[in-house]
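Asker: Just so it is clear, I am handing over entry.cif, which has mmCIF, C-alpha atoms.
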```cif
data_input
#
loop_
_atom_site.label_atom_id
_atom_site.label_comp_id
_atom_site.auth_asym_id
_atom_site.auth_seq_id
_atom_site.Cartn_x
_atom_site.Cartn_y
_atom_site.Cartn_z
CA MET U 1 -20.54 -11.11 -2.38
CA THR U 2 -21.48 -7.81 -0.80
CA THR U 3 -20.26 -4.71 -2.57
CA LEU U 4 -18.09 -2.43 -0.47
CA ALA U 5 -20.27 0.54 -1.32
CA ALA U 6 -23.26 -1.06 0.42
CA LEU U 7 -21.54 -1.44 3.78
CA GLU U 8 -22.21 1.04 6.55
CA LYS U 9 -19.98 2.86 8.98
CA GLY U 10 -19.03 0.58 11.84
CA TYR U 11 -19.17 -2.61 9.76
CA GLU U 12 -16.50 -5.06 10.90
CA PHE U 13 -15.08 -7.48 8.37
CA PRO U 14 -14.68 -11.09 9.46
CA PRO U 15 -11.19 -11.70 10.88
CA ALA U 16 -8.84 -13.45 8.50
CA SER U 17 -5.60 -15.33 9.02
CA PHE U 18 -2.66 -15.56 6.63
CA ASP U 19 0.42 -17.75 6.61
CA LEU U 20 3.47 -15.92 5.31
CA SER U 21 4.62 -18.94 3.35
CA ASP U 22 7.80 -18.82 1.32
CA GLU U 23 5.69 -19.37 -1.79
CA TRP U 24 3.49 -16.35 -1.14
CA VAL U 25 6.30 -14.08 0.05
CA ASP U 26 8.38 -14.97 -3.02
CA ALA U 27 5.42 -14.24 -5.31
CA TYR U 28 4.79 -10.91 -3.61
CA ALA U 29 8.46 -9.90 -3.58
CA ALA U 30 8.78 -10.79 -7.26
CA SER U 31 5.72 -8.75 -8.17
CA VAL U 32 7.05 -5.60 -6.50
CA GLU U 33 10.74 -6.31 -7.30
CA ASP U 34 11.80 -5.30 -3.79
CA GLU U 35 15.60 -5.32 -3.81
CA ALA U 36 16.06 -3.57 -0.48
CA ILE U 37 14.46 -6.17 1.76
CA GLY U 38 16.95 -8.82 0.64
CA ALA U 39 19.81 -6.64 1.84
CA LEU U 40 18.63 -7.02 5.43
CA ASP U 41 19.51 -10.07 7.48
CA GLY U 42 16.74 -11.90 9.28
CA GLY U 43 14.29 -13.23 6.70
CA PHE U 44 12.17 -10.11 6.83
CA VAL U 45 9.06 -9.70 4.71
CA PRO U 46 8.55 -6.37 2.92
CA PRO U 47 6.30 -4.30 5.17
CA MET U 48 4.03 -3.47 2.28
CA ALA U 49 3.35 -7.19 1.95
CA VAL U 50 1.61 -6.98 5.30
CA ALA U 51 -0.43 -4.06 4.02
CA ALA U 52 -1.26 -6.02 0.88
CA LEU U 53 -2.56 -8.87 3.02
CA ALA U 54 -4.80 -6.47 4.90
CA ILE U 55 -6.30 -5.22 1.65
CA ARG U 56 -6.59 -8.79 0.41
CA ALA U 57 -8.62 -9.76 3.48
CA LEU U 58 -10.97 -6.89 2.77
CA LEU U 59 -11.42 -7.88 -0.87
CA GLU U 60 -12.21 -11.47 0.10
CA ASN U 61 -15.31 -10.18 1.86
CA ALA U 62 -16.53 -7.32 -0.29
CA SER U 63 -16.35 -6.63 -3.99
CA LEU U 64 -15.27 -3.29 -5.38
CA PRO U 65 -17.85 -1.60 -7.58
CA PRO U 66 -16.62 -0.42 -11.00
CA GLY U 67 -15.09 3.01 -10.68
CA THR U 68 -13.57 2.40 -7.24
CA LEU U 69 -10.40 4.37 -6.59
CA HIS U 70 -7.83 4.14 -3.81
CA ALA U 71 -7.52 7.79 -2.81
CA GLY U 72 -5.18 7.64 0.14
CA GLN U 73 -3.38 5.36 2.54
CA GLU U 74 -2.02 5.63 6.05
CA LEU U 75 0.22 2.90 7.44
CA ALA U 76 2.12 2.39 10.69
CA PHE U 77 4.50 -0.55 10.98
CA THR U 78 5.20 -1.50 14.57
CA ALA U 79 7.21 -4.70 14.32
CA PRO U 80 9.20 -6.46 11.61
CA VAL U 81 7.53 -9.54 10.15
CA ARG U 82 9.34 -12.66 9.01
CA ARG U 83 8.67 -15.54 6.68
CA GLY U 84 6.68 -18.39 8.14
CA GLU U 85 4.75 -16.29 10.60
CA MET U 86 0.97 -16.35 10.92
CA LEU U 87 -0.84 -13.02 10.85
CA THR U 88 -4.42 -12.08 11.56
CA VAL U 89 -6.23 -9.20 9.90
CA ALA U 90 -9.10 -7.20 11.31
CA SER U 91 -10.72 -4.31 9.51
CA ARG U 92 -13.72 -2.07 9.91
CA ILE U 93 -15.38 0.80 8.14
CA ALA U 94 -14.41 3.78 10.25
CA SER U 95 -16.08 6.46 8.18
CA ARG U 96 -18.47 6.72 5.29
CA GLY U 97 -19.89 9.75 3.56
CA GLU U 98 -21.68 10.44 0.32
CA ARG U 99 -21.68 13.37 -2.03
CA ALA U 100 -23.06 13.71 -5.54
CA GLY U 101 -23.51 9.98 -5.91
CA TRP U 102 -20.06 9.06 -4.69
CA ALA U 103 -19.14 7.38 -1.44
CA LEU U 104 -15.94 8.22 0.42
CA MET U 105 -14.98 5.49 2.83
CA GLY U 106 -12.27 5.14 5.44
CA VAL U 107 -11.38 1.55 6.27
CA GLU U 108 -9.27 0.86 9.33
CA LEU U 109 -6.83 -2.02 8.95
CA ARG U 110 -5.13 -3.89 11.76
CA VAL U 111 -2.69 -6.78 11.35
CA ALA U 112 -1.46 -8.71 14.37
CA ARG U 113 0.88 -11.56 15.21
CA ALA U 114 -0.10 -13.60 18.27
CA GLY U 115 -2.29 -10.75 19.43
CA GLU U 116 0.38 -8.06 19.02
CA ASP U 117 -0.11 -5.43 16.33
CA VAL U 118 2.49 -5.40 13.59
CA MET U 119 0.70 -2.91 11.33
CA THR U 120 -2.21 -0.53 11.57
CA GLY U 121 -3.55 1.76 8.92
CA LYS U 122 -6.42 3.35 7.12
CA ALA U 123 -7.36 3.12 3.46
CA THR U 124 -9.37 5.95 1.96
CA ILE U 125 -11.47 4.70 -0.92
CA THR U 126 -13.93 6.46 -3.18
CA MET U 127 -16.55 4.70 -5.28
CA PRO U 128 -19.96 5.17 -6.84
CA ALA U 129 -22.47 5.04 -3.98
CA ALA U 130 -24.76 2.04 -3.83
CA GLU U 131 -28.47 2.73 -3.93
CA GLY U 132 -30.09 2.45 -0.55
CA ALA U 133 -26.82 2.42 1.39
CA ALA U 134 -26.75 4.54 4.49
CA ALA U 135 -24.15 7.28 4.76
CA MET A 1 19.02 -4.11 13.35
CA THR A 2 20.75 -3.15 10.16
CA GLN A 3 21.57 0.53 10.00
CA GLN A 4 21.75 2.35 6.72
CA SER A 5 23.89 5.32 5.90
CA THR A 6 21.19 7.87 5.10
CA SER A 7 22.09 11.24 6.61
CA LEU A 8 19.85 12.51 9.36
CA ALA A 9 20.32 16.10 8.26
CA VAL A 10 17.35 18.12 7.15
CA GLY A 11 17.41 18.37 3.38
CA ALA A 12 19.22 15.08 2.84
CA ALA A 13 17.90 13.13 -0.13
CA LEU A 14 16.78 9.52 0.15
CA PRO A 15 18.17 7.03 -2.38
CA ALA A 16 15.76 7.16 -5.32
CA VAL A 17 14.22 3.96 -6.66
CA THR A 18 13.12 3.65 -10.30
CA LYS A 19 10.85 0.87 -11.56
CA LYS A 20 9.28 0.14 -14.92
CA VAL A 21 5.58 -0.74 -14.80
CA THR A 22 4.40 -3.48 -17.12
CA GLN A 23 1.10 -5.28 -17.50
CA GLU A 24 2.86 -8.48 -16.50
CA LYS A 25 3.98 -6.92 -13.23
CA ILE A 26 0.48 -5.59 -12.57
CA ASN A 27 -0.94 -9.06 -13.20
CA ALA A 28 1.60 -10.61 -10.83
CA TYR A 29 0.69 -8.13 -8.12
CA ALA A 30 -3.01 -8.80 -8.70
CA LEU A 31 -2.41 -12.49 -8.02
CA ALA A 32 -0.28 -11.94 -4.92
CA GLY A 33 -2.50 -9.22 -3.53
CA GLY A 34 -5.77 -10.91 -4.38
CA ASP A 35 -6.97 -7.83 -6.24
CA GLY A 36 -8.17 -8.89 -9.64
CA ASN A 37 -10.15 -5.73 -10.33
CA PRO A 38 -10.42 -5.66 -14.14
CA LEU A 39 -9.41 -2.02 -14.09
CA HIS A 40 -5.94 -3.39 -13.38
CA THR A 41 -5.89 -6.67 -15.26
CA ASP A 42 -8.31 -6.56 -18.21
CA PRO A 43 -7.18 -4.22 -20.99
CA ALA A 44 -10.46 -4.61 -22.89
CA PHE A 45 -12.54 -3.71 -19.85
CA ALA A 46 -10.21 -0.92 -18.79
CA ALA A 47 -10.26 0.63 -22.25
CA GLY A 48 -13.87 1.56 -21.62
CA ALA A 49 -13.32 2.71 -18.05
CA GLN A 50 -12.36 6.09 -16.65
CA PHE A 51 -8.65 5.93 -17.45
CA GLY A 52 -8.92 4.47 -20.95
CA GLY A 53 -6.63 1.58 -20.10
CA THR A 54 -5.30 -0.49 -17.25
CA ILE A 55 -3.60 1.13 -14.30
CA ALA A 56 -1.31 -0.23 -11.60
CA HIS A 57 -2.61 -0.90 -8.11
CA GLY A 58 -1.96 1.98 -5.76
CA MET A 59 -0.42 -0.45 -3.30
CA LEU A 60 2.03 -1.63 -5.97
CA VAL A 61 3.21 1.92 -6.50
CA LEU A 62 3.38 2.41 -2.76
CA ALA A 63 5.57 -0.68 -2.48
CA TYR A 64 8.17 1.18 -4.57
CA VAL A 65 8.07 4.07 -2.11
CA SER A 66 8.44 1.65 0.79
CA GLU A 67 11.41 -0.02 -0.89
CA MET A 68 13.13 3.35 -0.99
CA LEU A 69 12.46 3.79 2.72
CA THR A 70 13.74 0.30 3.50
CA ALA A 71 16.91 1.11 1.59
CA ALA A 72 17.27 4.37 3.50
CA PHE A 73 16.43 3.27 7.03
CA GLY A 74 16.86 -0.50 7.06
CA ALA A 75 15.03 -2.53 9.69
CA ASP A 76 14.05 0.68 11.50
CA TRP A 77 11.56 1.23 8.70
CA LEU A 78 10.06 -2.21 9.29
CA ALA A 79 9.79 -1.66 13.04
CA SER A 80 8.63 1.93 13.24
CA GLY A 81 7.79 3.30 9.81
CA ARG A 82 4.73 5.45 9.33
CA LEU A 83 3.47 6.54 5.96
CA LYS A 84 0.64 8.83 4.92
CA VAL A 85 0.05 9.38 1.22
CA ARG A 86 -2.45 10.48 -1.36
CA PHE A 87 -2.78 8.74 -4.70
CA ARG A 88 -2.94 11.66 -7.12
CA ALA A 89 -2.74 10.05 -10.55
CA PRO A 90 -2.59 6.52 -11.95
CA ALA A 91 0.48 4.64 -13.10
CA ARG A 92 0.08 2.85 -16.40
CA PRO A 93 1.90 0.02 -18.16
CA GLY A 94 5.01 1.44 -19.80
CA ASP A 95 5.55 4.11 -17.16
CA ALA A 96 8.94 4.43 -15.48
CA LEU A 97 8.27 5.45 -11.89
CA THR A 98 10.80 7.12 -9.66
CA SER A 99 10.31 7.25 -5.92
CA SER A 100 12.22 9.95 -4.13
CA GLY A 101 12.22 11.80 -0.87
CA ARG A 102 14.11 14.08 1.45
CA VAL A 103 14.41 14.65 5.16
CA THR A 104 12.29 17.60 6.25
CA ALA A 105 12.65 17.41 10.03
CA VAL A 106 14.44 15.59 12.80
CA GLU A 107 12.27 15.52 15.89
CA GLY A 108 13.91 13.79 18.82
CA GLY A 109 14.47 10.25 17.62
CA ASP A 110 12.13 10.62 14.67
CA ILE A 111 13.07 11.47 11.12
CA VAL A 112 10.34 13.03 8.98
CA CYS A 113 10.52 12.88 5.20
CA GLU A 114 8.57 14.15 2.25
CA VAL A 115 8.14 11.33 -0.26
CA ASP A 116 6.67 11.06 -3.71
CA CYS A 117 6.54 8.86 -6.76
CA ARG A 118 6.61 10.44 -10.22
CA SER A 119 6.19 9.23 -13.74
CA GLN A 120 8.81 9.69 -16.44
CA SER A 121 7.10 12.97 -17.36
CA GLY A 122 7.48 14.27 -13.83
CA GLU A 123 3.80 13.93 -12.95
CA VAL A 124 3.33 13.28 -9.23
CA LEU A 125 1.41 10.03 -8.83
CA VAL A 126 1.81 9.58 -5.08
CA SER A 127 2.86 12.12 -2.47
CA GLY A 128 2.95 12.24 1.27
CA THR A 129 5.03 12.01 4.40
CA ALA A 130 7.02 9.27 6.06
CA ARG A 131 8.28 9.12 9.63
CA VAL A 132 10.69 6.65 11.16
CA SER A 133 12.14 6.28 14.64
CA ARG A 134 15.84 5.50 15.05
#
```
Write the structure described by the file as structure tokens, please.

Answerer:
Amino acid sequence: MTTLAALEKGYEFPPASFDLSDEWVDAYAASVEDEAIGALDGGFVPPMAVAALAIRALLENASLPPGTLHAGQELAFTAPVRRGEMLTVASRIASRGERAGWALMGVELRVARAGEDVMTGKATITMPAAEGAAA
Amino acid sequence: MTQQSTSLAVGAALPAVTKKVTQEKINAYALAGGDGNPLHTDPAFAAGAQFGGTIAHGMLVLAYVSEMLTAAFGADWLASGRLKVRFRAPARPGDALTSSGRVTAVEGGDIVCEVDCRSQSGEVLVSGTARVSR
């Protein structure tokens, strides 16, 4: 698997699809112990679950080199998401810079349902730069 | 959509959320989130890494902040929430994390909040801003 540090600005990750199955949503909700989402009617999924899926799609296509740190995160939720829905994730490397052997990367994340965005965001990640990777 | 009772007034505090971090919870998040980085899940590996032990995923800690915002703003948070944060320090197994926030501005239909997540010692682990339309 390609390491994230070796990818260049503009790289687009392969689109991925996820089914918000009860099994997965229950596992996610249990792991984060979200008590607030259950107080809402409508079978909503915690919005951060959508963000987690976006990161998951990224990690299924690129490994994180040792020393990788998640430095910042921007998220915009634009529609509630419910159990049983199918989501698609698209992501691309929007920025990449290097300094003193470290890469600072901005990865744009976009999650959609039937072509309509439900979440957009950007992860800022820092990691040891890969040899030979372009800034 | 469900409406919560959080005051719209500038200075109003959001309902704080406190969670205890454990290695078991980190492992469960790693499975659900597909992030098995040994820095999070392998104590032996992590002992020799930069933090001297395992740390929680940033997105796990951020989920606690989002829970606070869901409690404060209900389905409005799911439909219009925006969050911008920096991860400033790691959360470790055994930490008790408290997410808190307060309204800093009301701009038209938008409510702007400062949010953070601190350890039991008061160290700021995550800080940033949230915005929600009502």

Asker: List, as a ChimeraX atom specification, every residue that the PyMOL selection byres ((chain A) within 9 of (chain U)) selects in the file provided.

Answerer: /A:1-2,19,24-35,37-39,49-50,57-64,66-72,74-88,126

Asker: I need the chosen residues saved as a PDB file, keeping the file's coordinate frame, with C-alpha atoms.

Answerer:
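What ended up in selection26.pdb:
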```
ATOM      1  CA  MET A   1      19.020  -4.110  13.350  1.00  0.00           C
ATOM      2  CA  THR A   2      20.750  -3.150  10.160  1.00  0.00           C
ATOM      3  CA  LYS A  19      10.850   0.870 -11.560  1.00  0.00           C
ATOM      4  CA  GLU A  24       2.860  -8.480 -16.500  1.00  0.00           C
ATOM      5  CA  LYS A  25       3.980  -6.920 -13.230  1.00  0.00           C
ATOM      6  CA  ILE A  26       0.480  -5.590 -12.570  1.00  0.00           C
ATOM      7  CA  ASN A  27      -0.940  -9.060 -13.200  1.00  0.00           C
ATOM      8  CA  ALA A  28       1.600 -10.610 -10.830  1.00  0.00           C
ATOM      9  CA  TYR A  29       0.690  -8.130  -8.120  1.00  0.00           C
ATOM     10  CA  ALA A  30      -3.010  -8.800  -8.700  1.00  0.00           C
ATOM     11  CA  LEU A  31      -2.410 -12.490  -8.020  1.00  0.00           C
ATOM     12  CA  ALA A  32      -0.280 -11.940  -4.920  1.00  0.00           C
ATOM     13  CA  GLY A  33      -2.500  -9.220  -3.530  1.00  0.00           C
ATOM     14  CA  GLY A  34      -5.770 -10.910  -4.380  1.00  0.00           C
ATOM     15  CA  ASP A  35      -6.970  -7.830  -6.240  1.00  0.00           C
ATOM     16  CA  ASN A  37     -10.150  -5.730 -10.330  1.00  0.00           C
ATOM     17  CA  PRO A  38     -10.420  -5.660 -14.140  1.00  0.00           C
ATOM     18  CA  LEU A  39      -9.410  -2.020 -14.090  1.00  0.00           C
ATOM     19  CA  ALA A  49     -13.320   2.710 -18.050  1.00  0.00           C
ATOM     20  CA  GLN A  50     -12.360   6.090 -16.650  1.00  0.00           C
ATOM     21  CA  HIS A  57      -2.610  -0.900  -8.110  1.00  0.00           C
ATOM     22  CA  GLY A  58      -1.960   1.980  -5.760  1.00  0.00           C
ATOM     23  CA  MET A  59      -0.420  -0.450  -3.300  1.00  0.00           C
ATOM     24  CA  LEU A  60       2.030  -1.630  -5.970  1.00  0.00           C
ATOM     25  CA  VAL A  61       3.210   1.920  -6.500  1.00  0.00           C
ATOM     26  CA  LEU A  62       3.380   2.410  -2.760  1.00  0.00           C
ATOM     27  CA  ALA A  63       5.570  -0.680  -2.480  1.00  0.00           C
ATOM     28  CA  TYR A  64       8.170   1.180  -4.570  1.00  0.00           C
ATOM     29  CA  SER A  66       8.440   1.650   0.790  1.00  0.00           C
ATOM     30  CA  GLU A  67      11.410  -0.020  -0.890  1.00  0.00           C
ATOM     31  CA  MET A  68      13.130   3.350  -0.990  1.00  0.00           C
ATOM     32  CA  LEU A  69      12.460   3.790   2.720  1.00  0.00           C
ATOM     33  CA  THR A  70      13.740   0.300   3.500  1.00  0.00           C
ATOM     34  CA  ALA A  71      16.910   1.110   1.590  1.00  0.00           C
ATOM     35  CA  ALA A  72      17.270   4.370   3.500  1.00  0.00           C
ATOM     36  CA  GLY A  74      16.860  -0.500   7.060  1.00  0.00           C
ATOM     37  CA  ALA A  75      15.030  -2.530   9.690  1.00  0.00           C
ATOM     38  CA  ASP A  76      14.050   0.680  11.500  1.00  0.00           C
ATOM     39  CA  TRP A  77      11.560   1.230   8.700  1.00  0.00           C
ATOM     40  CA  LEU A  78      10.060  -2.210   9.290  1.00  0.00           C
ATOM     41  CA  ALA A  79       9.790  -1.660  13.040  1.00  0.00           C
ATOM     42  CA  SER A  80       8.630   1.930  13.240  1.00  0.00           C
ATOM     43  CA  GLY A  81       7.790   3.300   9.810  1.00  0.00           C
ATOM     44  CA  ARG A  82       4.730   5.450   9.330  1.00  0.00           C
ATOM     45  CA  LEU A  83       3.470   6.540   5.960  1.00  0.00           C
ATOM     46  CA  LYS A  84       0.640   8.830   4.920  1.00  0.00           C
ATOM     47  CA  VAL A  85       0.050   9.380   1.220  1.00  0.00           C
ATOM     48  CA  ARG A  86      -2.450  10.480  -1.360  1.00  0.00           C
ATOM     49  CA  PHE A  87      -2.780   8.740  -4.700  1.00  0.00           C
ATOM     50  CA  ARG A  88      -2.940  11.660  -7.120  1.00  0.00           C
ATOM     51  CA  VAL A 126       1.810   9.580  -5.080  1.00  0.00           C
TER      52      VAL A 126
END
```

Asker: Do you know which residues are at most 9 Å from Ala16 of chain A counting all atoms listed in the file, after dropping those on the same chain fewer than 6 positions away, and could you put them as a PyMOL selection string?

Answerer: chain A and resi 65+68+98-101

Asker: Could you please determine the separation between atom CA of Ala62 of chain U and atom CA of Val111 of chain U in Å, to one decimal place?

Answerer: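 It comes out at 18.1 Å.
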
Asker: Quick check on the file I pasted: which residues fall under the PyMOL selection byres ((chain A and resi 92-95) around 7)? Write them as a VMD selection string.

Answerer: chain A and resid 20 to 23 54 to 56 90 to 91 96 to 97 119 to 120

Asker: Quick check, in Å to one decimal: how far apart do atom CA of Val103 of chain A and atom CA of Ala89 of chain A lie?

Answerer: 23.7 Å

Asker: One decimal, Å: what's the distance from atom CA of Ser127 of chain A over to atom CA of Thr126 of chain U, could you say?

Answerer: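 One can read the atom CA of Ser127 of chain A to atom CA of Thr126 of chain U distance as 17.7 Å.
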